[in-house]
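Enquirer: Sharing my_file-v5.cif, mmCIF, C-alpha atoms and all ligand atoms:
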```
data_query
#
loop_
_atom_site.group_PDB
_atom_site.id
_atom_site.type_symbol
_atom_site.label_atom_id
_atom_site.label_comp_id
_atom_site.auth_asym_id
_atom_site.auth_seq_id
_atom_site.Cartn_x
_atom_site.Cartn_y
_atom_site.Cartn_z
ATOM 1 C CA MET P 1 -51.627 120.317 102.676
ATOM 2 C CA LYS P 2 -50.516 120.724 106.285
ATOM 3 C CA SER P 3 -47.970 123.353 107.090
ATOM 4 C CA HIS P 4 -44.793 122.355 108.928
ATOM 5 C CA GLY P 5 -46.015 124.388 111.959
ATOM 6 C CA VAL P 6 -49.204 122.321 112.337
ATOM 7 C CA ALA P 7 -47.341 119.030 111.918
ATOM 8 C CA ALA P 8 -44.784 120.087 114.516
ATOM 9 C CA SER P 9 -47.431 121.048 117.059
ATOM 10 C CA GLU P 10 -49.228 117.717 116.526
ATOM 11 C CA LEU P 11 -46.023 115.816 117.045
ATOM 12 C CA LEU P 12 -45.303 117.834 120.159
ATOM 13 C CA GLN P 13 -48.763 117.083 121.541
ATOM 14 C CA ARG P 14 -48.333 113.352 120.955
ATOM 15 C CA ARG P 15 -44.912 113.437 122.544
ATOM 16 C CA LEU P 16 -46.331 115.242 125.580
ATOM 17 C CA LEU P 17 -49.044 112.612 125.820
ATOM 18 C CA HIS P 18 -46.448 109.837 125.952
ATOM 19 C CA ILE P 19 -44.589 111.705 128.674
ATOM 20 C CA GLU P 20 -47.798 112.282 130.624
ATOM 21 C CA VAL P 21 -48.682 108.579 130.447
ATOM 22 C CA ARG P 22 -45.245 107.616 131.697
ATOM 23 C CA THR P 23 -45.497 110.153 134.516
ATOM 24 C CA LEU P 24 -48.933 108.943 135.501
ATOM 25 C CA ARG P 25 -47.604 105.481 136.183
ATOM 26 C CA TYR P 26 -45.890 106.957 139.218
ATOM 27 C CA ALA P 27 -48.394 109.544 140.428
ATOM 28 C CA THR P 28 -51.962 109.133 139.303
ATOM 29 C CA THR P 29 -54.545 110.919 141.335
ATOM 30 C CA ALA P 30 -58.139 111.488 140.341
ATOM 31 C CA GLN P 31 -57.298 115.161 139.886
ATOM 32 C CA THR P 32 -54.398 114.679 137.426
ATOM 33 C CA ALA P 33 -56.317 111.993 135.537
ATOM 34 C CA SER P 34 -59.343 114.199 135.062
ATOM 35 C CA ARG P 35 -57.170 117.175 134.019
ATOM 36 C CA LEU P 36 -55.392 115.099 131.383
ATOM 37 C CA ALA P 37 -58.644 113.598 130.095
ATOM 38 C CA ARG P 38 -60.222 117.063 129.779
ATOM 39 C CA ALA P 39 -57.176 118.479 127.969
ATOM 40 C CA LEU P 40 -57.142 115.650 125.441
ATOM 41 C CA ALA P 41 -60.940 115.459 125.070
ATOM 42 C CA ILE P 42 -60.876 111.687 124.542
ATOM 43 C CA PRO P 43 -64.256 110.195 125.633
ATOM 44 C CA SER P 44 -62.935 106.806 126.804
ATOM 45 C CA LEU P 45 -60.264 108.550 128.839
ATOM 46 C CA MET P 46 -62.801 110.884 130.472
ATOM 47 C CA GLU P 47 -64.945 107.921 131.405
ATOM 48 C CA ALA P 48 -61.969 106.160 132.976
ATOM 49 C CA ALA P 49 -60.989 109.326 134.847
ATOM 50 C CA ASN P 50 -64.514 109.723 136.249
ATOM 51 C CA ALA P 51 -64.377 106.170 137.501
ATOM 52 C CA MET P 52 -61.311 107.129 139.535
ATOM 53 C CA SER P 53 -63.136 109.865 141.471
ATOM 54 C CA PRO P 54 -63.328 108.822 145.101
ATOM 55 C CA THR P 55 -66.723 107.965 146.499
ATOM 56 C CA PRO P 56 -67.863 110.141 149.445
ATOM 57 C CA ARG P 57 -67.039 108.670 152.805
ATOM 58 C CA PRO P 58 -69.940 107.133 154.731
ATOM 59 C CA GLY P 59 -71.618 109.732 156.876
ATOM 60 C CA HIS P 60 -70.125 112.649 154.891
ATOM 61 C CA HIS P 61 -72.504 112.876 151.912
ATOM 62 C CA ASP P 62 -72.313 116.680 151.799
ATOM 63 C CA ALA P 63 -68.546 116.897 151.968
ATOM 64 C CA PRO P 64 -66.742 117.498 148.658
ATOM 65 C CA PRO P 65 -64.745 114.505 147.410
ATOM 66 C CA ASP P 66 -61.084 114.536 148.384
ATOM 67 C CA ALA P 67 -59.437 114.780 144.963
ATOM 68 C CA SER P 68 -55.963 114.020 146.256
ATOM 69 C CA SER P 69 -56.955 110.780 147.879
ATOM 70 C CA GLU P 70 -55.703 107.557 146.343
ATOM 71 C CA PRO P 71 -58.001 106.070 143.693
ATOM 72 C CA THR P 72 -58.753 102.383 143.822
ATOM 73 C CA GLU P 73 -56.210 100.198 142.080
ATOM 74 C CA PRO P 74 -58.575 98.754 139.397
ATOM 75 C CA ALA P 75 -59.776 102.261 138.454
ATOM 76 C CA ARG P 76 -56.227 103.544 138.253
ATOM 77 C CA ARG P 77 -55.210 100.617 136.090
ATOM 78 C CA ARG P 78 -58.165 101.152 133.746
ATOM 79 C CA PHE P 79 -57.288 104.824 133.322
ATOM 80 C CA LEU P 80 -53.645 104.013 132.534
ATOM 81 C CA GLN P 81 -54.716 101.466 129.935
ATOM 82 C CA SER P 82 -57.007 104.030 128.277
ATOM 83 C CA ALA P 83 -54.279 106.669 128.271
ATOM 84 C CA ALA P 84 -51.744 104.257 126.783
ATOM 85 C CA ALA P 85 -54.217 103.281 124.056
ATOM 86 C CA ALA P 86 -54.897 106.934 123.272
ATOM 87 C CA ALA P 87 -51.176 107.637 123.059
ATOM 88 C CA ALA P 88 -50.658 104.670 120.730
ATOM 89 C CA LEU P 89 -53.494 105.841 118.497
ATOM 90 C CA GLY P 90 -52.071 109.334 118.475
ATOM 91 C CA ALA P 91 -48.702 107.969 117.470
ATOM 92 C CA ALA P 92 -50.057 105.926 114.557
ATOM 93 C CA PRO P 93 -50.331 108.803 112.100
ATOM 94 C CA HIS P 94 -46.807 109.832 113.095
ATOM 95 C CA LEU P 95 -45.413 106.395 112.273
ATOM 96 C CA HIS P 96 -47.264 106.421 108.980
ATOM 97 C CA ALA P 97 -45.864 109.856 108.189
ATOM 98 C CA GLN P 98 -42.310 108.598 108.792
ATOM 99 C CA ASN P 99 -42.823 105.679 106.386
ATOM 100 C CA THR P 100 -44.532 107.722 103.693
ATOM 101 C CA PRO P 101 -42.057 109.116 101.178
ATOM 102 C CA GLU P 102 -41.803 112.891 101.159
ATOM 103 C CA PRO P 103 -43.629 114.408 98.178
ATOM 104 C CA THR P 104 -41.187 115.548 95.533
ATOM 105 C CA PRO P 105 -40.914 119.327 95.847
ATOM 106 C CA ALA P 106 -41.893 121.319 92.828
ATOM 107 C CA ALA P 107 -39.021 122.704 90.808
ATOM 108 C CA ASP P 108 -37.525 125.623 92.744
ATOM 109 C CA THR P 109 -37.348 128.652 90.572
ATOM 110 C CA GLY P 110 -36.517 131.073 93.382
ATOM 111 C CA ALA P 111 -33.354 131.989 95.254
ATOM 112 C CA ASN P 112 -32.656 128.324 96.133
ATOM 113 C CA ALA P 113 -32.662 127.089 92.550
ATOM 114 C CA PRO P 114 -29.367 125.424 91.532
ATOM 115 C CA VAL P 115 -27.061 127.695 89.582
ATOM 116 C CA PRO P 116 -25.513 126.052 86.530
ATOM 117 C CA ALA P 117 -21.765 125.583 86.188
ATOM 118 C CA GLN P 118 -19.984 128.424 84.496
ATOM 119 C CA PRO P 119 -16.547 128.976 83.003
ATOM 120 C CA VAL P 120 -13.965 130.276 85.492
ATOM 121 C CA ARG P 121 -10.372 131.088 84.641
ATOM 122 C CA LEU P 122 -7.832 130.784 87.430
ATOM 123 C CA ASN P 123 -4.129 131.580 87.415
ATOM 124 C CA ILE P 124 -2.538 128.893 89.550
ATOM 125 C CA ASN P 125 1.216 128.660 89.975
ATOM 126 C CA GLY P 126 1.714 130.845 86.913
ATOM 127 C CA ARG P 127 -0.466 128.713 84.671
ATOM 128 C CA GLU P 128 -3.963 129.455 83.335
ATOM 129 C CA TYR P 129 -6.660 126.934 84.212
ATOM 130 C CA ALA P 130 -10.012 127.089 82.372
ATOM 131 C CA LEU P 131 -12.473 125.402 84.724
ATOM 132 C CA HIS P 132 -16.195 124.796 84.414
ATOM 133 C CA ILE P 133 -17.573 124.952 87.950
ATOM 134 C CA GLU P 134 -20.619 125.996 89.931
ATOM 135 C CA PRO P 135 -20.270 129.378 91.649
ATOM 136 C CA ARG P 136 -20.614 127.683 95.068
ATOM 137 C CA VAL P 137 -17.402 125.638 94.643
ATOM 138 C CA THR P 138 -14.735 126.643 97.153
ATOM 139 C CA LEU P 139 -11.241 127.463 96.032
ATOM 140 C CA LEU P 140 -10.043 124.370 97.912
ATOM 141 C CA ASP P 141 -12.373 122.055 95.989
ATOM 142 C CA ALA P 142 -11.561 123.790 92.714
ATOM 143 C CA LEU P 143 -7.846 123.200 93.314
ATOM 144 C CA ARG P 144 -8.147 119.590 94.376
ATOM 145 C CA ASP P 145 -11.105 118.271 92.347
ATOM 146 C CA TYR P 146 -11.049 120.372 89.177
ATOM 147 C CA ALA P 147 -7.423 121.498 88.719
ATOM 148 C CA GLN P 148 -6.134 118.182 90.133
ATOM 149 C CA LEU P 149 -3.669 119.996 92.413
ATOM 150 C CA THR P 150 -4.047 117.766 95.440
ATOM 151 C CA GLY P 151 -1.053 119.123 97.342
ATOM 152 C CA THR P 152 -3.385 121.510 99.179
ATOM 153 C CA LYS P 153 -5.071 119.496 101.908
ATOM 154 C CA LYS P 154 -8.593 119.506 103.293
ATOM 155 C CA GLY P 155 -8.506 119.161 107.066
ATOM 156 C CA CYS P 156 -11.474 120.709 108.819
ATOM 157 C CA ASP P 157 -13.089 122.421 105.776
ATOM 158 C CA ARG P 158 -14.180 125.221 108.086
ATOM 159 C CA GLY P 159 -11.237 127.550 108.581
ATOM 160 C CA GLN P 160 -9.857 126.080 111.784
ATOM 161 C CA CYS P 161 -6.798 124.008 110.921
ATOM 162 C CA GLY P 162 -4.923 125.868 108.172
ATOM 163 C CA ALA P 163 -4.229 122.685 106.153
ATOM 164 C CA CYS P 164 -5.720 124.365 103.079
ATOM 165 C CA THR P 165 -3.545 127.510 103.246
ATOM 166 C CA VAL P 166 -2.597 128.901 99.831
ATOM 167 C CA LEU P 167 -1.280 132.274 98.707
ATOM 168 C CA VAL P 168 -3.433 134.691 96.726
ATOM 169 C CA ASP P 169 -1.427 137.617 95.382
ATOM 170 C CA GLY P 170 1.184 136.736 97.999
ATOM 171 C CA ARG P 171 -1.225 136.749 100.969
ATOM 172 C CA ARG P 172 -2.128 133.561 102.789
ATOM 173 C CA ILE P 173 -5.757 132.542 102.954
ATOM 174 C CA ASN P 174 -7.751 129.470 103.895
ATOM 175 C CA ALA P 175 -8.895 128.046 100.564
ATOM 176 C CA CYS P 176 -11.822 126.285 102.231
ATOM 177 C CA LEU P 177 -13.345 129.615 103.228
ATOM 178 C CA THR P 178 -13.452 131.305 99.855
ATOM 179 C CA LEU P 179 -15.145 130.647 96.524
ATOM 180 C CA ALA P 180 -13.086 129.931 93.434
ATOM 181 C CA VAL P 181 -15.030 132.412 91.286
ATOM 182 C CA MET P 182 -13.850 135.231 93.548
ATOM 183 C CA HIS P 183 -10.239 134.741 92.466
ATOM 184 C CA GLU P 184 -10.360 135.215 88.735
ATOM 185 C CA GLY P 185 -7.560 137.564 87.728
ATOM 186 C CA GLN P 186 -5.496 136.897 90.906
ATOM 187 C CA ARG P 187 -2.269 134.981 91.343
ATOM 188 C CA ILE P 188 -2.854 131.772 93.271
ATOM 189 C CA THR P 189 0.133 129.849 94.631
ATOM 190 C CA THR P 190 -0.192 126.382 96.071
ATOM 191 C CA VAL P 191 2.487 124.143 97.553
ATOM 192 C CA GLU P 192 3.138 122.811 94.047
ATOM 193 C CA GLY P 193 4.220 126.303 93.018
ATOM 194 C CA LEU P 194 6.631 127.113 95.854
ATOM 195 C CA ALA P 195 9.735 125.419 94.469
ATOM 196 C CA GLY P 196 11.843 126.907 91.731
ATOM 197 C CA ALA P 197 12.305 125.164 88.393
ATOM 198 C CA THR P 198 15.211 123.059 89.616
ATOM 199 C CA ALA P 199 15.405 123.404 93.385
ATOM 200 C CA PRO P 200 13.119 123.595 96.418
ATOM 201 C CA SER P 201 12.468 126.961 98.009
ATOM 202 C CA THR P 202 14.421 128.059 101.074
ATOM 203 C CA ILE P 203 11.575 127.216 103.410
ATOM 204 C CA GLN P 204 11.052 123.797 101.807
ATOM 205 C CA ARG P 205 14.731 123.000 102.260
ATOM 206 C CA ALA P 206 14.634 124.146 105.874
ATOM 207 C CA PHE P 207 11.654 121.888 106.592
ATOM 208 C CA VAL P 208 13.560 118.919 105.177
ATOM 209 C CA GLU P 209 16.756 119.734 107.059
ATOM 210 C CA ARG P 210 14.922 120.282 110.351
ATOM 211 C CA ASP P 211 12.689 117.253 109.828
ATOM 212 C CA ALA P 212 9.748 119.573 110.540
ATOM 213 C CA LEU P 213 7.028 117.057 109.836
ATOM 214 C CA GLN P 214 5.757 113.676 110.823
ATOM 215 C CA CYS P 215 2.713 112.534 108.829
ATOM 216 C CA GLY P 216 3.040 115.527 106.514
ATOM 217 C CA PHE P 217 -0.671 116.268 106.240
ATOM 218 C CA CYS P 218 -0.343 119.817 107.548
ATOM 219 C CA THR P 219 2.948 120.460 105.745
ATOM 220 C CA PRO P 220 1.657 122.004 102.467
ATOM 221 C CA GLY P 221 -0.316 124.537 104.502
ATOM 222 C CA GLN P 222 2.636 125.108 106.862
ATOM 223 C CA LEU P 223 4.950 125.747 103.910
ATOM 224 C CA CYS P 224 2.604 128.255 102.242
ATOM 225 C CA SER P 225 1.975 129.920 105.573
ATOM 226 C CA ALA P 226 5.683 130.106 106.436
ATOM 227 C CA THR P 227 6.438 131.607 103.018
ATOM 228 C CA ALA P 228 3.916 134.399 103.605
ATOM 229 C CA CYS P 229 4.979 134.726 107.265
ATOM 230 C CA LEU P 230 8.562 135.579 106.224
ATOM 231 C CA ALA P 231 7.320 137.993 103.560
ATOM 232 C CA GLU P 232 5.026 139.717 106.067
ATOM 233 C CA PHE P 233 7.844 140.113 108.566
ATOM 234 C CA ALA P 234 10.144 141.473 105.843
ATOM 235 C CA ALA P 235 7.435 143.995 104.923
ATOM 236 C CA GLY P 236 7.348 145.221 108.564
ATOM 237 C CA THR P 237 3.902 143.831 109.448
ATOM 238 C CA ALA P 238 3.349 143.593 113.197
ATOM 239 C CA SER P 239 1.782 140.617 114.956
ATOM 240 C CA ALA P 240 0.062 140.096 118.309
ATOM 241 C CA ALA P 241 3.481 139.105 119.707
ATOM 242 C CA THR P 242 5.181 142.338 118.603
ATOM 243 C CA ALA P 243 6.096 144.327 121.714
ATOM 244 C CA ASP P 244 5.805 147.752 120.110
ATOM 245 C CA VAL P 245 3.583 147.775 117.042
ATOM 246 C CA ARG P 246 4.626 151.369 116.216
ATOM 247 C CA ALA P 247 8.257 150.339 115.757
ATOM 248 C CA ARG P 248 9.353 147.948 113.073
ATOM 249 C CA ALA P 249 10.282 144.586 114.612
ATOM 250 C CA THR P 250 13.923 143.807 114.017
ATOM 251 C CA GLU P 251 14.099 140.272 115.256
ATOM 252 C CA LEU P 252 11.913 137.348 114.228
ATOM 253 C CA SER P 253 11.857 135.682 117.634
ATOM 254 C CA ASP P 254 10.443 132.225 118.304
ATOM 255 C CA ALA P 255 7.466 133.913 119.977
ATOM 256 C CA GLU P 256 6.872 135.901 116.775
ATOM 257 C CA ILE P 257 7.111 132.760 114.660
ATOM 258 C CA ARG P 258 4.721 130.856 116.916
ATOM 259 C CA GLU P 259 2.199 133.689 116.844
ATOM 260 C CA ARG P 260 2.456 134.253 113.105
ATOM 261 C CA MET P 261 2.124 130.529 112.379
ATOM 262 C CA SER P 262 -0.653 129.954 114.922
ATOM 263 C CA GLY P 263 -3.301 129.521 112.218
ATOM 264 C CA ASN P 264 -1.692 126.256 111.140
ATOM 265 C CA ILE P 265 -2.397 123.313 113.388
ATOM 266 C CA CYS P 266 -0.167 120.232 113.405
ATOM 267 C CA ARG P 267 -1.868 117.214 114.924
ATOM 268 C CA CYS P 268 1.487 115.414 115.091
ATOM 269 C CA GLY P 269 2.863 118.191 117.279
ATOM 270 C CA ALA P 270 5.901 118.922 115.113
ATOM 271 C CA TYR P 271 5.850 122.540 116.268
ATOM 272 C CA ALA P 272 9.355 122.690 117.732
ATOM 273 C CA ASN P 273 10.937 121.690 114.422
ATOM 274 C CA ILE P 274 8.565 123.863 112.384
ATOM 275 C CA VAL P 275 9.605 126.930 114.404
ATOM 276 C CA ALA P 276 13.269 125.980 113.945
ATOM 277 C CA ALA P 277 12.775 125.578 110.183
ATOM 278 C CA VAL P 278 11.105 128.983 109.843
ATOM 279 C CA ARG P 279 13.918 130.524 111.913
ATOM 280 C CA ASP P 280 16.539 128.901 109.651
ATOM 281 C CA ALA P 281 14.774 130.062 106.485
ATOM 282 C CA HIS P 282 14.587 133.582 107.885
ATOM 283 C CA SER P 283 18.303 133.579 108.731
ATOM 284 C CA ALA P 284 19.165 132.185 105.296
ATOM 285 C CA SER P 285 17.229 134.906 103.513
ATOM 286 C CA ALA P 286 18.315 137.789 105.788
HETATM 287 S S1 LIG P 301 -9.332 122.804 105.732
HETATM 288 FE FE1 LIG P 301 -9.322 124.940 105.533
HETATM 289 S S2 LIG P 301 -8.781 125.619 107.527
HETATM 290 FE FE2 LIG P 301 -8.966 123.476 107.770
HETATM 291 S S1 LIG P 302 3.028 116.607 110.484
HETATM 292 FE FE1 LIG P 302 1.251 115.463 110.844
HETATM 293 S S2 LIG P 302 -0.230 117.003 111.107
HETATM 294 FE FE2 LIG P 302 1.570 118.103 111.003
#
```
How would this structure read if it were set down as C-alpha cells?

Expert:
Amino acid sequence: MKSHGVAASELLQRRLLHIEVRTLRYATTAQTASRLARALAIPSLMEAANAMSPTPRPGHHDAPPDASSEPTEPARRRFLQSAAAAAALGAAPHLHAQNTPEPTPAADTGANAPVPAQPVRLNINGREYALHIEPRVTLLDALRDYAQLTGTKKGCDRGQCGACTVLVDGRRINACLTLAVMHEGQRITTVEGLAGATAPSTIQRAFVERDALQCGFCTPGQLCSATACLAEFAAGTASAATADVRARATELSDAEIRERMSGNICRCGAYANIVAAVRDAHSASA
C-alpha cells in the first residue's frame, strides 16, 4: 500500500507537469523541451524534443547548435502534443484515485478510538442532572442538547462572541470552550437560573427597562456576564480600565462597564443600552 507521502509527491509531479506544459505554450525552446523530456524520462517526449534541435547553419558544420534559437513550428507543435498526452496519461491514475472509494480504515484501537458515553452529573441552576454523554461534549452542547436548557446560545462556538456565557461557581466562562465532564461537583448557572422564584433579577429588570436588546440572541450571555461583572466589581476586582489597580475602584464608570463586558459581542449594536442597564443594576444594588 502506498504511503500518503508517495501519493502526495506523485500528485505534485503531475501537477508540475501540467504547469510546465502550459508554460511551454508560451516559451518553448529546444533547450527547455529537452530539459523537460530528460526530467520526465518519457521516450516519445524525448524524441519530440530531439526533433526540435536546430540544424547547423550552412557553412558552420563545426559550430555548436544554438539552443536558444527558435525551433520550427511543426517540431514545436509535435513536442507540445507529446507533452500534453504525457500529462493526460499522468493524470489518469489521479482521476481514478479520486473516484475509487477510500478503503475502510481498520478499527482504531489507539488514542483516536472513540470513547463511549459515560454518566456525568451536573448541578445546573440548583438542580441535579444525570446525563449520559461522551467526554468530548462541551458544556454548551451538554446544556442545550442533553439538559434541554436552550437559553444559552451558540454563536461562534470558538470563544469569540460570549453568547454562550454561563456562571460556574459564580465565575463567568464561555461554555463552548470547556468540557461538561470537567464541571461535575460545581454550581452551573445559566440564564434560566438568574431569576428568583417569582421575579426577575435586578439585571434582568434593568435590561427590560432600558430596552437593552434588539434580536436578543446575545442577551442570555450578556445577562450572565453582567451578573458576574457586578459581583466582580463588588469584590474589588480590577479591570484593564481601572486607573490604579492597587486601590479599590469606587465607581463603576461606563468605561469600566464597557471593558468588563467586552467579551460579549452584540451584533445588533445595543451597547449603549446594555451599558445603561448594567449601570442601573449597579446603582439599584449599591
Ligand atoms: S459561542 Fe461561545 S464564545 Fe461564541
Ligand atoms: S441584541 Fe441582537 S445580538 Fe445583541

Enquirer: Quick one, how far is atom CA of P:Leu167 from atom CA of P:Thr227?

Expert: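 It comes out at 8.9 Å.
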
Enquirer: Once the PyMOL selection byres (((chain P and resi 139-154) around 6) and not hetatm) has been evaluated on this model, what residues remain selected, and can you format them as a list in words?

Expert: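 When the PyMOL selection byres (((chain P and resi 139-154) around 6) and not hetatm) is applied to the shown file, the picked residues are Thr138, Gly155, Asp157, Ala163, Cys164, Ala175, Cys176, Thr178, Leu179 and Ala180 of chain P.
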
Enquirer: Rounded to one decimal, what separation in Å do you get between atom CA of P:Leu194 and atom CA of P:Leu131?

Expert: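 If I compute the distance from atom CA of P:Leu194 to atom CA of P:Leu131, I get 22.2 Å.
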
Enquirer: Could you please determine the separation between atom CA of P:His183 and atom CA of P:Asn264 in Å, to one decimal place?

Expert: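 The value is 22.2 Å.
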
Enquirer: Could you check which of P:Glu184, P:Asp211, P:Glu251, P:Asp169 is closest to P:Ala130, using only C-alpha atoms?

Expert: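 Among the listed residues, P:Glu184 lies closest to P:Ala130.
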
Enquirer: Please evaluate the PyMOL selection byres (((chain P and resi 191) around 8) and not hetatm) against the displayed coordinates and give the resulting residues as a PyMOL selection string.

Expert: chain P and resi 151-152+166+189-190+192-195+220-221+223-224

Enquirer: Mind checking which residues fall within 9 Å of P:Arg267, counting all atoms listed in the file, ignoring those fewer than 6 positions away in the same chain, and posting them as a list in words?

Expert: Cys215, Phe217 and Cys218 of chain P

Enquirer: Which residues fall under the PyMOL selection byres (((chain P and resi 115) around 9) and not hetatm) in this file, as a list of chain:residue names?

Expert: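 When the PyMOL selection byres (((chain P and resi 115) around 9) and not hetatm) is applied, the selected residues are P:Asn112, P:Ala113, P:Pro114, P:Pro116, P:Ala117, P:Gln118, P:Glu134, P:Pro135, P:Arg136.
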
Enquirer: Set the distance at 9 Å and use only C-alpha atoms: which residues neighbour P:Ala249 once local chain neighbours fewer than 6 positions away are removed? I'd like the list as a PyMOL selection string.

Expert: chain P and resi 233+236-238+242-243

Enquirer: Those residues with C-alpha atoms, as a PDB file, in the frame of the given file please?

Expert:
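In the end it all went to selection.pdb:
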```
ATOM      1  CA  PHE P 233       7.844 140.113 108.566  1.00  0.00           C
ATOM      2  CA  GLY P 236       7.348 145.221 108.564  1.00  0.00           C
ATOM      3  CA  THR P 237       3.902 143.831 109.448  1.00  0.00           C
ATOM      4  CA  ALA P 238       3.349 143.593 113.197  1.00  0.00           C
ATOM      5  CA  THR P 242       5.181 142.338 118.603  1.00  0.00           C
ATOM      6  CA  ALA P 243       6.096 144.327 121.714  1.00  0.00           C
TER       7      ALA P 243
END
```
